[in-house]
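> Hey, dropping run13.cif in here, mmCIF, C-alpha atoms:
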data_coords
#
loop_
_atom_site.label_atom_id
_atom_site.label_comp_id
_atom_site.auth_asym_id
_atom_site.auth_seq_id
_atom_site.Cartn_x
_atom_site.Cartn_y
_atom_site.Cartn_z
CA MET R 1 0.00 0.00 0.00
CA PRO R 2 1.54 3.34 -0.99
CA GLU R 3 2.26 5.62 1.93
CA GLU R 4 0.05 8.65 2.46
CA PRO R 5 1.55 11.96 1.29
CA VAL R 6 2.67 14.41 3.99
CA LEU R 7 0.09 16.85 2.64
CA ASP R 8 -2.89 15.90 0.50
CA ASP R 9 -2.83 18.45 -2.33
CA ARG R 10 -6.55 18.13 -3.04
CA ILE R 11 -7.45 19.18 0.46
CA VAL R 12 -4.87 21.95 0.59
CA ASP R 13 -6.14 23.24 -2.77
CA GLY R 14 -9.67 23.18 -1.46
CA LEU R 15 -8.62 25.33 1.48
CA ARG R 16 -6.65 27.63 -0.78
CA ARG R 17 -9.81 28.36 -2.73
CA LEU R 18 -11.05 30.09 0.40
CA GLY R 19 -8.21 32.58 -0.11
CA ASP R 20 -4.50 32.80 0.79
CA GLU R 21 -5.33 34.75 3.90
CA VAL R 22 -7.81 32.14 5.12
CA LEU R 23 -5.35 29.32 4.35
CA ARG R 24 -2.70 31.07 6.45
CA GLU R 25 -5.15 31.64 9.25
CA ILE R 26 -6.26 28.00 9.23
CA ALA R 27 -2.63 26.80 9.14
CA HIS R 28 -1.75 28.91 12.17
CA LEU R 29 -4.83 27.83 14.04
CA TRP R 30 -3.77 24.27 13.39
CA PHE R 31 -0.18 24.95 14.51
CA ASP R 32 -1.53 26.42 17.75
CA ASN R 33 -3.44 23.23 18.47
CA LEU R 34 -0.76 20.80 17.32
CA GLU R 35 1.64 21.02 20.28
CA PRO R 36 -1.11 20.88 22.95
CA GLY R 37 -2.45 17.78 21.13
CA LEU R 38 0.94 16.08 21.23
CA ASP R 39 1.33 17.07 24.89
CA ALA R 40 -1.99 15.46 25.70
CA MET R 41 -0.71 12.23 24.13
CA ARG R 42 2.59 12.42 26.05
CA THR R 43 0.76 12.89 29.32
CA ALA R 44 -1.63 10.04 28.57
CA LEU R 45 1.29 7.75 27.62
CA ALA R 46 3.24 8.61 30.75
CA GLY R 47 0.21 7.93 32.92
CA GLU R 48 -0.74 4.86 30.85
CA ASP R 49 -4.16 6.40 30.48
CA ARG R 50 -5.42 4.53 27.41
CA PRO R 51 -8.82 6.21 27.10
CA ALA R 52 -7.12 9.64 27.24
CA LEU R 53 -4.57 8.49 24.65
CA THR R 54 -7.34 7.23 22.36
CA ALA R 55 -9.22 10.50 22.68
CA ALA R 56 -6.13 12.66 22.08
CA ALA R 57 -5.11 10.59 19.04
CA HIS R 58 -8.66 10.82 17.69
CA THR R 59 -8.77 14.60 18.08
CA LEU R 60 -5.38 15.15 16.44
CA ARG R 61 -6.33 12.75 13.65
CA GLY R 62 -9.45 14.73 12.86
CA SER R 63 -7.79 18.12 12.77
CA ALA R 64 -4.80 16.76 10.79
CA ALA R 65 -7.19 15.28 8.22
CA ASN R 66 -9.03 18.59 7.96
CA VAL R 67 -5.92 20.48 6.86
CA GLY R 68 -4.79 17.62 4.59
CA ALA R 69 -1.95 16.34 6.81
CA ALA R 70 -2.69 12.83 5.56
CA ARG R 71 0.34 10.95 6.84
CA LEU R 72 0.01 12.43 10.30
CA ALA R 73 -3.69 11.56 10.30
CA ALA R 74 -2.81 7.97 9.37
CA GLY R 75 -0.23 7.81 12.18
CA CYS R 76 -2.81 9.11 14.66
CA ALA R 77 -5.33 6.54 13.42
CA ALA R 78 -2.81 3.74 14.00
CA LEU R 79 -2.07 5.02 17.50
CA GLU R 80 -5.79 5.43 18.25
CA LEU R 81 -6.40 1.80 17.27
CA ALA R 82 -3.33 0.47 19.10
CA ALA R 83 -4.17 2.34 22.30
CA LYS R 84 -7.04 -0.08 22.83
CA ASP R 85 -5.00 -3.25 23.44
CA ARG R 86 -1.33 -3.09 22.36
CA PRO R 87 1.58 -3.12 24.85
CA THR R 88 2.78 0.22 26.13
CA SER R 89 6.18 -0.21 24.47
CA ASP R 90 4.47 -0.37 21.05
CA LEU R 91 2.51 2.74 21.84
CA GLN R 92 5.65 4.73 22.59
CA GLY R 93 7.05 3.80 19.16
CA LEU R 94 3.83 4.78 17.42
CA PHE R 95 3.76 8.04 19.30
CA ASP R 96 7.36 8.84 18.30
CA ALA R 97 6.33 8.30 14.68
CA VAL R 98 3.34 10.62 15.16
CA ALA R 99 5.56 13.31 16.67
CA ALA R 100 7.97 13.06 13.74
CA GLU R 101 5.10 13.24 11.24
CA ALA R 102 3.72 16.22 13.08
CA ALA R 103 7.02 18.05 12.61
CA SER R 104 7.09 17.21 8.86
CA ALA R 105 3.46 18.21 8.42
CA HIS R 106 4.06 21.46 10.30
CA ASP R 107 7.00 22.37 8.04
CA ALA R 108 5.17 21.40 4.85
CA MET R 109 2.09 23.35 5.89
CA ALA R 110 4.15 26.40 6.86
CA LYS R 111 5.71 26.34 3.40
CA VAL R 112 2.37 25.97 1.62
CA ALA R 113 0.78 28.73 3.70
CA ALA R 114 3.65 31.09 2.88
CA GLU R 115 3.29 30.57 -0.89
CA PRO R 116 0.86 32.86 -2.64
CA SER R 117 -1.63 31.06 -4.87
CA ALA R 118 -0.57 30.46 -8.47
CA MET E 1 -30.35 33.00 6.81
CA ARG E 2 -29.27 32.57 10.40
CA ILE E 3 -26.63 29.85 10.51
CA LEU E 4 -25.14 28.06 13.50
CA VAL E 5 -21.85 26.15 13.24
CA VAL E 6 -21.10 23.52 15.88
CA ASP E 7 -17.71 21.81 16.07
CA ASP E 8 -15.32 21.11 18.93
CA ASP E 9 -12.33 21.27 16.59
CA PRO E 10 -11.32 24.92 16.11
CA VAL E 11 -9.63 24.23 12.75
CA SER E 12 -12.66 22.52 11.32
CA ARG E 13 -14.91 25.26 12.72
CA ARG E 14 -12.81 27.95 11.07
CA ILE E 15 -12.92 26.12 7.71
CA VAL E 16 -16.71 26.00 7.86
CA GLU E 17 -16.90 29.68 8.86
CA ALA E 18 -14.58 30.69 6.01
CA ALA E 19 -16.57 28.65 3.47
CA LEU E 20 -19.78 30.35 4.67
CA GLU E 21 -18.20 33.81 4.56
CA GLN E 22 -16.99 33.18 1.03
CA ALA E 23 -20.54 32.29 0.02
CA GLY E 24 -21.74 35.58 1.50
CA HIS E 25 -23.17 34.29 4.77
CA THR E 26 -22.45 35.13 8.36
CA CYS E 27 -22.80 32.63 11.17
CA ASP E 28 -22.60 32.07 14.88
CA SER E 29 -20.28 29.30 15.96
CA VAL E 30 -19.93 27.30 19.14
CA ALA E 31 -17.59 24.53 20.28
CA ALA E 32 -20.08 22.18 21.95
CA GLY E 33 -23.44 20.55 21.37
CA GLN E 34 -24.86 21.80 24.66
CA ALA E 35 -23.91 25.40 23.87
CA ALA E 36 -25.53 24.99 20.45
CA TRP E 37 -28.71 23.67 22.01
CA ASP E 38 -28.81 26.49 24.60
CA ARG E 39 -28.78 29.00 21.75
CA PHE E 40 -31.14 27.13 19.48
CA ALA E 41 -33.77 26.59 22.17
CA VAL E 42 -33.96 30.33 22.82
CA ASP E 43 -33.79 31.54 19.23
CA PRO E 44 -33.91 28.84 16.51
CA TYR E 45 -31.61 29.04 13.50
CA ASP E 46 -32.50 28.50 9.82
CA VAL E 47 -29.44 26.33 9.25
CA VAL E 48 -27.35 24.25 11.65
CA ILE E 49 -24.06 22.72 10.51
CA THR E 50 -22.88 20.35 13.22
CA ASP E 51 -20.04 17.94 13.74
CA ARG E 52 -21.20 14.46 14.68
CA ASN E 53 -18.49 13.41 17.08
CA MET E 54 -18.27 15.78 20.01
CA PRO E 55 -17.90 15.11 23.72
CA GLY E 56 -21.08 15.66 25.77
CA VAL E 57 -24.08 16.46 23.58
CA GLY E 58 -22.98 15.04 20.21
CA GLY E 59 -24.27 15.83 16.75
CA ILE E 60 -26.87 13.05 16.75
CA GLU E 61 -28.35 14.15 20.08
CA LEU E 62 -28.35 17.77 18.89
CA VAL E 63 -30.24 16.83 15.70
CA ARG E 64 -32.74 14.87 17.76
CA ARG E 65 -33.37 17.84 20.08
CA ILE E 66 -33.70 20.23 17.16
CA ARG E 67 -36.32 17.99 15.55
CA GLU E 68 -38.28 17.59 18.78
CA HIS E 69 -38.23 21.34 19.37
CA VAL E 70 -41.55 22.93 18.52
CA SER E 71 -40.85 26.16 16.74
CA GLY E 72 -42.40 27.86 13.75
CA ARG E 73 -39.49 27.10 11.45
CA ARG E 74 -37.85 23.93 10.37
CA ALA E 75 -34.09 24.25 10.58
CA TYR E 76 -32.00 22.80 7.75
CA VAL E 77 -29.42 20.57 9.43
CA VAL E 78 -26.17 19.35 7.89
CA LEU E 79 -24.23 16.72 9.83
CA LEU E 80 -20.44 16.45 9.48
CA THR E 81 -19.33 12.83 9.69
CA ALA E 82 -16.16 10.77 9.40
CA HIS E 83 -15.32 10.00 5.78
CA ASP E 84 -14.97 6.28 6.34
CA SER E 85 -18.31 5.76 8.04
CA PRO E 86 -21.45 5.74 5.88
CA ASP E 87 -23.30 4.31 8.90
CA GLU E 88 -22.80 7.62 10.70
CA ALA E 89 -24.41 9.47 7.80
CA VAL E 90 -27.32 7.03 7.67
CA GLU E 91 -27.93 7.38 11.40
CA GLY E 92 -27.73 11.17 11.18
CA VAL E 93 -30.20 11.52 8.32
CA THR E 94 -32.49 8.95 9.95
CA VAL E 95 -32.77 10.96 13.18
CA GLY E 96 -33.56 14.10 11.18
CA ALA E 97 -30.51 15.68 9.55
CA ASP E 98 -31.32 16.97 6.05
CA ASP E 99 -27.92 16.19 4.61
CA TYR E 100 -24.40 15.24 5.59
CA LEU E 101 -20.82 16.04 4.60
CA THR E 102 -17.76 14.00 5.31
CA LYS E 103 -14.55 15.22 6.87
CA PRO E 104 -12.05 16.36 5.78
CA LEU E 105 -14.36 19.05 4.56
CA ASN E 106 -14.50 20.15 0.98
CA PRO E 107 -15.51 23.82 1.27
CA ARG E 108 -17.06 23.78 -2.21
CA LEU E 109 -19.40 20.96 -1.24
CA LEU E 110 -20.41 22.82 1.91
CA GLN E 111 -21.29 25.84 -0.21
CA LEU E 112 -23.37 23.54 -2.41
CA ARG E 113 -25.34 22.34 0.64
CA LEU E 114 -26.02 25.97 1.50
CA LEU E 115 -27.70 26.53 -1.85
CA ALA E 116 -30.09 23.71 -1.04
CA ALA E 117 -30.58 25.11 2.47
CA GLU E 118 -31.35 28.54 1.06
CA ARG E 119 -33.99 27.15 -1.29
CA LEU E 120 -35.65 25.24 1.49
CA THR E 121 -35.52 28.20 3.88
CA ASP E 122 -37.11 30.44 1.23
CA LEU E 123 -39.79 27.82 0.69
CA HIS E 124 -40.50 27.67 4.42
CA THR E 125 -40.74 31.45 4.61
CA GLU E 126 -43.25 31.41 1.76
CA LEU E 127 -45.19 28.57 3.40
CA ASP E 128 -45.30 30.44 6.72
CA ARG E 129 -46.63 33.52 4.96
CA MET E 130 -49.28 31.48 3.15
CA ARG E 131 -50.28 29.64 6.30
CA VAL E 132 -50.78 32.92 8.15
CA SER E 133 -52.82 34.42 5.33
CA LEU E 134 -54.89 31.24 4.88
CA GLU E 135 -55.59 31.10 8.61
CA GLU E 136 -56.64 34.72 8.52
CA ALA E 137 -58.85 34.13 5.47
CA ALA E 138 -60.46 31.08 7.08
CA ARG E 139 -61.46 33.23 10.06
CA THR E 140 -62.69 36.26 8.15
CA ASP E 141 -66.07 36.90 6.56
CA PRO E 142 -65.20 38.02 3.03
CA LEU E 143 -68.19 40.33 2.61
CA THR E 144 -67.86 42.39 5.77
CA GLY E 145 -64.25 41.77 6.83
CA LEU E 146 -65.50 40.86 10.32
CA GLY E 147 -64.48 37.66 12.04
CA ASN E 148 -66.65 34.72 10.98
CA ARG E 149 -68.26 31.96 13.00
CA LEU E 150 -64.97 30.02 13.23
CA ALA E 151 -63.18 33.08 14.60
CA LEU E 152 -66.04 33.66 17.06
CA HIS E 153 -65.87 30.08 18.25
CA ASP E 154 -62.08 30.15 18.73
CA ASP E 155 -62.06 33.58 20.39
CA LEU E 156 -64.93 32.67 22.71
CA GLU E 157 -63.29 29.42 23.78
CA ARG E 158 -60.12 31.32 24.58
CA LEU E 159 -61.93 34.13 26.37
CA HIS E 160 -64.09 31.63 28.21
CA SER E 161 -61.21 29.67 29.68
CA ARG E 162 -59.47 32.92 30.65
CA VAL E 163 -62.43 34.45 32.47
CA GLN E 164 -63.28 31.15 34.17
CA ARG E 165 -59.71 30.94 35.46
CA TYR E 166 -59.60 34.50 36.76
CA GLY E 167 -63.20 34.66 37.94
CA HIS E 168 -64.13 37.42 35.50
CA SER E 169 -67.12 37.62 33.22
CA TYR E 170 -68.15 38.87 29.82
CA CYS E 171 -71.23 39.57 27.75
CA VAL E 172 -72.33 38.57 24.27
CA ALA E 173 -74.91 40.27 22.09
CA VAL E 174 -76.68 38.52 19.23
CA ILE E 175 -77.74 41.19 16.72
CA ASP E 176 -80.08 40.83 13.77
CA ILE E 177 -81.10 43.27 11.04
CA ASP E 178 -84.86 43.77 11.15
CA HIS E 179 -86.86 42.48 8.18
CA PHE E 180 -83.74 41.80 6.16
CA LYS E 181 -85.29 39.24 3.82
CA PRO E 182 -87.94 41.72 2.58
CA TYR E 183 -85.11 44.28 2.23
CA ASN E 184 -83.23 41.93 -0.10
CA ASP E 185 -86.41 41.12 -1.99
CA THR E 186 -87.23 44.80 -2.44
CA TYR E 187 -83.83 46.38 -3.08
CA GLY E 188 -81.90 43.45 -4.50
CA HIS E 189 -78.97 41.42 -3.19
CA GLN E 190 -76.34 44.00 -4.06
CA ALA E 191 -78.14 46.57 -1.93
CA GLY E 192 -78.47 43.85 0.74
CA ASP E 193 -74.72 43.29 0.68
CA ALA E 194 -74.10 47.03 0.89
CA ALA E 195 -76.42 47.27 3.92
CA LEU E 196 -74.61 44.36 5.61
CA ARG E 197 -71.28 46.12 5.02
CA SER E 198 -72.60 49.39 6.45
CA VAL E 199 -73.93 47.68 9.57
CA ALA E 200 -70.66 45.75 9.90
CA GLY E 201 -68.80 49.08 9.74
CA VAL E 202 -70.74 50.35 12.76
CA LEU E 203 -70.17 47.09 14.64
CA ALA E 204 -66.45 47.10 13.88
CA ALA E 205 -66.15 50.55 15.44
CA VAL E 206 -66.97 49.32 18.97
CA ARG E 207 -64.48 50.09 21.70
CA ALA E 208 -61.10 48.35 21.65
CA GLY E 209 -61.36 45.01 23.41
CA ASP E 210 -64.88 44.32 22.13
CA ARG E 211 -65.13 42.36 18.90
CA ALA E 212 -67.79 41.93 16.26
CA TYR E 213 -68.42 38.82 14.16
CA ARG E 214 -70.75 37.93 11.32
CA TYR E 215 -72.64 34.96 12.72
CA GLY E 216 -74.76 34.08 9.71
CA GLY E 217 -76.85 35.81 7.00
CA GLU E 218 -77.94 39.06 8.65
CA GLU E 219 -76.96 38.03 12.15
CA PHE E 220 -73.96 39.39 14.04
CA VAL E 221 -72.41 38.69 17.42
CA LEU E 222 -70.66 41.21 19.60
CA VAL E 223 -68.37 39.97 22.37
CA LEU E 224 -67.89 42.42 25.25
CA PRO E 225 -65.32 41.29 27.82
CA GLU E 226 -65.13 42.78 31.33
CA GLN E 227 -68.52 44.47 31.16
CA THR E 228 -71.59 44.33 33.31
CA LEU E 229 -74.89 43.57 31.67
CA ASP E 230 -75.87 47.26 31.94
CA GLN E 231 -72.62 48.45 30.34
CA ALA E 232 -72.95 45.91 27.55
CA ARG E 233 -76.56 46.87 27.00
CA ALA E 234 -75.56 50.55 26.73
CA ALA E 235 -72.82 49.69 24.20
CA VAL E 236 -75.23 47.66 22.07
CA GLU E 237 -77.83 50.41 22.40
CA ARG E 238 -75.28 52.86 20.92
CA VAL E 239 -74.71 50.48 18.01
CA ARG E 240 -78.47 50.25 17.46
CA ALA E 241 -78.81 54.04 17.47
CA ARG E 242 -75.89 54.52 15.06
CA VAL E 243 -77.27 52.00 12.58
CA ARG E 244 -80.56 53.81 12.64
CA GLU E 245 -78.67 57.08 12.04
CA LEU E 246 -77.20 55.58 8.90
CA ALA E 247 -80.72 56.16 7.55
CA ILE E 248 -80.57 53.36 5.00
CA PRO E 249 -84.06 53.45 3.46
CA HIS E 250 -86.17 50.36 4.17
CA ALA E 251 -89.80 50.91 3.21
CA LEU E 252 -90.98 47.58 4.62
CA ASN E 253 -89.55 48.23 8.10
CA GLU E 254 -91.62 50.01 10.75
CA ALA E 255 -88.98 52.77 11.16
CA GLY E 256 -88.67 53.33 7.40
CA VAL E 257 -84.92 52.77 7.64
CA VAL E 258 -82.70 49.76 8.43
CA THR E 259 -82.77 48.94 12.15
CA LEU E 260 -81.41 46.28 14.48
CA SER E 261 -82.73 44.11 17.23
CA ALA E 262 -80.37 42.65 19.80
CA GLY E 263 -80.30 40.26 22.73
CA VAL E 264 -77.57 40.60 25.35
CA ALA E 265 -76.53 37.97 27.89
CA ARG E 266 -73.84 37.84 30.53
CA LEU E 267 -71.87 34.79 31.54
CA ARG E 268 -73.15 33.52 34.87
CA GLN E 269 -70.16 33.06 37.09
CA GLY E 270 -69.13 29.84 38.66
CA ASP E 271 -71.72 27.46 37.24
CA GLY E 272 -69.68 26.17 34.30
CA GLN E 273 -72.06 27.68 31.79
CA GLU E 274 -70.92 26.72 28.31
CA VAL E 275 -70.29 29.08 25.43
CA ASP E 276 -73.22 27.64 23.46
CA ALA E 277 -75.61 28.17 26.38
CA LEU E 278 -74.52 31.80 26.63
CA ILE E 279 -75.16 32.41 22.94
CA ALA E 280 -78.52 30.62 23.29
CA ALA E 281 -79.48 32.94 26.17
CA ALA E 282 -78.59 36.01 24.06
CA ASP E 283 -80.53 34.47 21.18
CA ARG E 284 -83.64 34.09 23.36
CA ALA E 285 -83.37 37.74 24.38
CA LEU E 286 -83.08 38.63 20.68
CA TYR E 287 -86.27 36.69 20.03
CA GLU E 288 -87.96 38.73 22.74
CA ALA E 289 -86.72 41.94 21.13
CA LYS E 290 -88.19 40.83 17.82
CA ALA E 291 -91.46 39.74 19.40
CA SER E 292 -91.90 43.00 21.29
CA GLY E 293 -91.62 45.23 18.22
CA ARG E 294 -88.00 45.14 16.90
CA ASN E 295 -85.47 48.01 16.81
CA ARG E 296 -84.58 47.42 20.43
CA VAL E 297 -82.10 45.79 22.80
CA VAL E 298 -83.28 43.20 25.32
CA THR E 299 -81.13 41.72 28.07
CA ALA E 300 -81.41 38.12 29.20
CA ARG E 301 -82.40 37.70 32.83
CA GLU E 302 -79.54 36.31 34.85
CA CYS E 303 -80.63 33.23 36.74
#
Please rewrite the model in this file as structure tokens.


Amino acid sequence: MPEEPVLDDRIVDGLRRLGDEVLREIAHLWFDNLEPGLDAMRTALAGEDRPALTAAAHTLRGSAANVGAARLAAGCAALELAAKDRPTSDLQGLFDAVAAEAASAHDAMAKVAAEPSA
Amino acid sequence: MRILVVDDDPVSRRIVEAALEQAGHTCDSVAAGQAAWDRFAVDPYDVVITDRNMPGVGGIELVRRIREHVSGRRAYVVLLTAHDSPDEAVEGVTVGADDYLTKPLNPRLLQLRLLAAERLTDLHTELDRMRVSLEEAARTDPLTGLGNRLALHDDLERLHSRVQRYGHSYCVAVIDIDHFKPYNDTYGHQAGDAALRSVAGVLAAVRAGDRAYRYGGEEFVLVLPEQTLDQARAAVERVRARVRELAIPHALNEAGVVTLSAGVARLRQGDGQEVDALIAAADRALYEAKASGRNRVVTAREC
């Protein structure tokens, strides 16, 4: 199965049709919520609070999907599913992957938001 | 169109807002189903765009409450669901959502839903207007513009339950144009209609709070709340005098002009007297007025 792109162009293009200004605003709103979302996962992992981890992964997955951060959304989906019954050690690995994807998605989105529309 | 956006995810909420703004709409937006319901219950919206999955009151519960809410308007509801779950959409539309959109949101598709919402909202506005005007027409006598028998019945039932509850009373007068059939036969139906309209004009000019109705052919009813029998009698007496002053020629009537006879009755307090019995009492007094020479007002004896 081919890996999801960091950013799904179709969704980003859809947002861009709302205007460059709106795209920038939405990107920054997403950035503002990204770190608190990751923090919520870290806290849940540290406390082995699986319901909280599931909820945090679900929330981040939804907002990542909304801005087209497809690979991050997929990583969150995997973590959300795993949080139900997989060993804690697995969860840490999945979370590390999510955090790395979040950084890539953030950079890619920052770049896209800075570009004026063609 | 008043639009409410409900989503716990600020990014998603902002996307919906921006799509609405681009389509020329403004909206209110809230982050929770309960907050949405608190607003809707007080002042319903034309359109509600709500996320399905929210903590607390979720989208499904919100749709259910909106549909159970009795308000004049029917809100157009769009449910936002997960893209991989057709079951969510089916459930949403089954409980009452008009349409759904999957996340991640395509702003163009949201704008498309708004076109449909706008059409439906316009249709509802038109229907509301027609319903009001049909209701009004159904309660109005087309010839005289007075309330008709249906309006009388509804208004009396309402007044009746109010006065019974507060221990007040009211009077009704049944009023009939004297020798109206010979008038029609002599002067023709158009003249008859004109006479009915003239009499109705006098009746309609009673004091605010009293109301006149066309009861049947040449028969009218006047409802006089918060009046004693003497006060009501005096009011009806003034109506009788004014109609006589109209001086509408009527060769076959004793007075030579169109005159009225009337019977007035007052609700007897505390004995559960029904509306029909009250009208019947006024009608008997009217009969007495007719029998004792017409062009007069007779009051029913209170038992």

> Give as a PyMOL selection string the residues that the PyMOL selection byres ((chain R and resi 50) around 12) matches when applied to the coordinates above.

chain R and resi 40-49+51-57+79-88+91

> Can you check which residues of chain R have any atom within 6 Å of chain E? Use all atoms listed in the file and format it as a compact mmCIF listing (two decimals) with C-alpha atoms, keeping the file's coordinate frame.


# COMPACT_ATOMS: atom_id res chain seq x y z
CA TRP R 30 -3.77 24.27 13.39
CA ALA R 65 -7.19 15.28 8.22
CA ASN R 66 -9.03 18.59 7.96

> I'd like the residues picked by the PyMOL selection byres ((chain E and resi 57) around 9) written out as a ChimeraX atom specification, using the chain letters and numbers from the file.

/E:32-35,37,54-56,58-62

> Save out the residues we just selected, C-alpha atoms, as a compact mmCIF listing (two decimals), in the coordinates of the input.


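Output below, filename part.txt:
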# COMPACT_ATOMS: atom_id res chain seq x y z
CA ALA E 32 -20.08 22.18 21.95
CA GLY E 33 -23.44 20.55 21.37
CA GLN E 34 -24.86 21.80 24.66
CA ALA E 35 -23.91 25.40 23.87
CA TRP E 37 -28.71 23.67 22.01
CA MET E 54 -18.27 15.78 20.01
CA PRO E 55 -17.90 15.11 23.72
CA GLY E 56 -21.08 15.66 25.77
CA GLY E 58 -22.98 15.04 20.21
CA GLY E 59 -24.27 15.83 16.75
CA ILE E 60 -26.87 13.05 16.75
CA GLU E 61 -28.35 14.15 20.08
CA LEU E 62 -28.35 17.77 18.89

> Suppose a student applies the PyMOL selection byres ((chain E and resi 242-251) around 12) to this structure; what residues should they get, written as a VMD selection string?

chain E and resid 175 to 188 191 to 192 194 to 206 235 to 241 252 to 261 295 to 296

> Restricting the calculation to all atoms listed in the file: of R:His106, R:Asp9, R:Ala73, R:Gly93, which residue gets closest to Asp32 in chain R?

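The shortest atom-to-atom distance to Asp32 in chain R comes from R:His106.
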
> Taking into account all atoms listed in the file, which residue in the set R:Ala77, R:Leu72, R:Val6, R:Val12 is nearest to Ala27 in chain R?

R:Val12

> Fewer than 5 positions away in the same chain doesn't count, so skip those; otherwise give me all residues within 12 Å of Ala110 in chain R, counting only C-alpha atoms, as a compact mmCIF listing (two decimals) with C-alpha atoms, in the frame of the given file.


# COMPACT_ATOMS: atom_id res chain seq x y z
CA LEU R 7 0.09 16.85 2.64
CA VAL R 12 -4.87 21.95 0.59
CA LEU R 23 -5.35 29.32 4.35
CA ARG R 24 -2.70 31.07 6.45
CA GLU R 25 -5.15 31.64 9.25
CA ILE R 26 -6.26 28.00 9.23
CA ALA R 27 -2.63 26.80 9.14
CA HIS R 28 -1.75 28.91 12.17
CA LEU R 29 -4.83 27.83 14.04
CA TRP R 30 -3.77 24.27 13.39
CA PHE R 31 -0.18 24.95 14.51
CA VAL R 67 -5.92 20.48 6.86
CA ALA R 69 -1.95 16.34 6.81
CA ALA R 102 3.72 16.22 13.08
CA ALA R 103 7.02 18.05 12.61
CA SER R 104 7.09 17.21 8.86
CA ALA R 105 3.46 18.21 8.42
CA GLU R 115 3.29 30.57 -0.89
CA PRO R 116 0.86 32.86 -2.64

> Write out N, CA and C atoms for range 7-20 of chain E, as a CSV table (one decimal), in the coordinates of the input.


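Result file follows (rebuild.csv):
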chain,number,residue,atom,x,y,z
E,7,ASP,N,-18.8,22.8,16.2
E,7,ASP,CA,-17.7,21.8,16.1
E,7,ASP,C,-16.7,22.0,17.2
E,8,ASP,N,-16.3,20.9,17.8
E,8,ASP,CA,-15.3,21.1,18.9
E,8,ASP,C,-13.9,21.3,18.4
E,9,ASP,N,-13.7,21.1,17.1
E,9,ASP,CA,-12.3,21.3,16.6
E,9,ASP,C,-12.2,22.7,16.0
E,10,PRO,N,-11.4,23.5,16.6
E,10,PRO,CA,-11.3,24.9,16.1
E,10,PRO,C,-10.9,25.1,14.6
E,11,VAL,N,-10.1,24.2,14.2
E,11,VAL,CA,-9.6,24.2,12.8
E,11,VAL,C,-10.8,24.0,11.8
E,12,SER,N,-11.5,22.9,12.1
E,12,SER,CA,-12.7,22.5,11.3
E,12,SER,C,-13.7,23.6,11.4
E,13,ARG,N,-13.9,24.2,12.6
E,13,ARG,CA,-14.9,25.3,12.7
E,13,ARG,C,-14.6,26.5,11.8
E,14,ARG,N,-13.3,26.8,11.8
E,14,ARG,CA,-12.8,28.0,11.1
E,14,ARG,C,-13.0,27.7,9.6
E,15,ILE,N,-12.7,26.4,9.1
E,15,ILE,CA,-12.9,26.1,7.7
E,15,ILE,C,-14.4,26.3,7.3
E,16,VAL,N,-15.3,25.8,8.2
E,16,VAL,CA,-16.7,26.0,7.9
E,16,VAL,C,-17.1,27.5,7.8
E,17,GLU,N,-16.6,28.2,8.8
E,17,GLU,CA,-16.9,29.7,8.9
E,17,GLU,C,-16.4,30.4,7.6
E,18,ALA,N,-15.2,30.0,7.2
E,18,ALA,CA,-14.6,30.7,6.0
E,18,ALA,C,-15.4,30.3,4.7
E,19,ALA,N,-15.8,29.1,4.6
E,19,ALA,CA,-16.6,28.6,3.5
E,19,ALA,C,-17.9,29.4,3.4
E,20,LEU,N,-18.5,29.6,4.6
E,20,LEU,CA,-19.8,30.4,4.7
E,20,LEU,C,-19.6,31.8,4.3
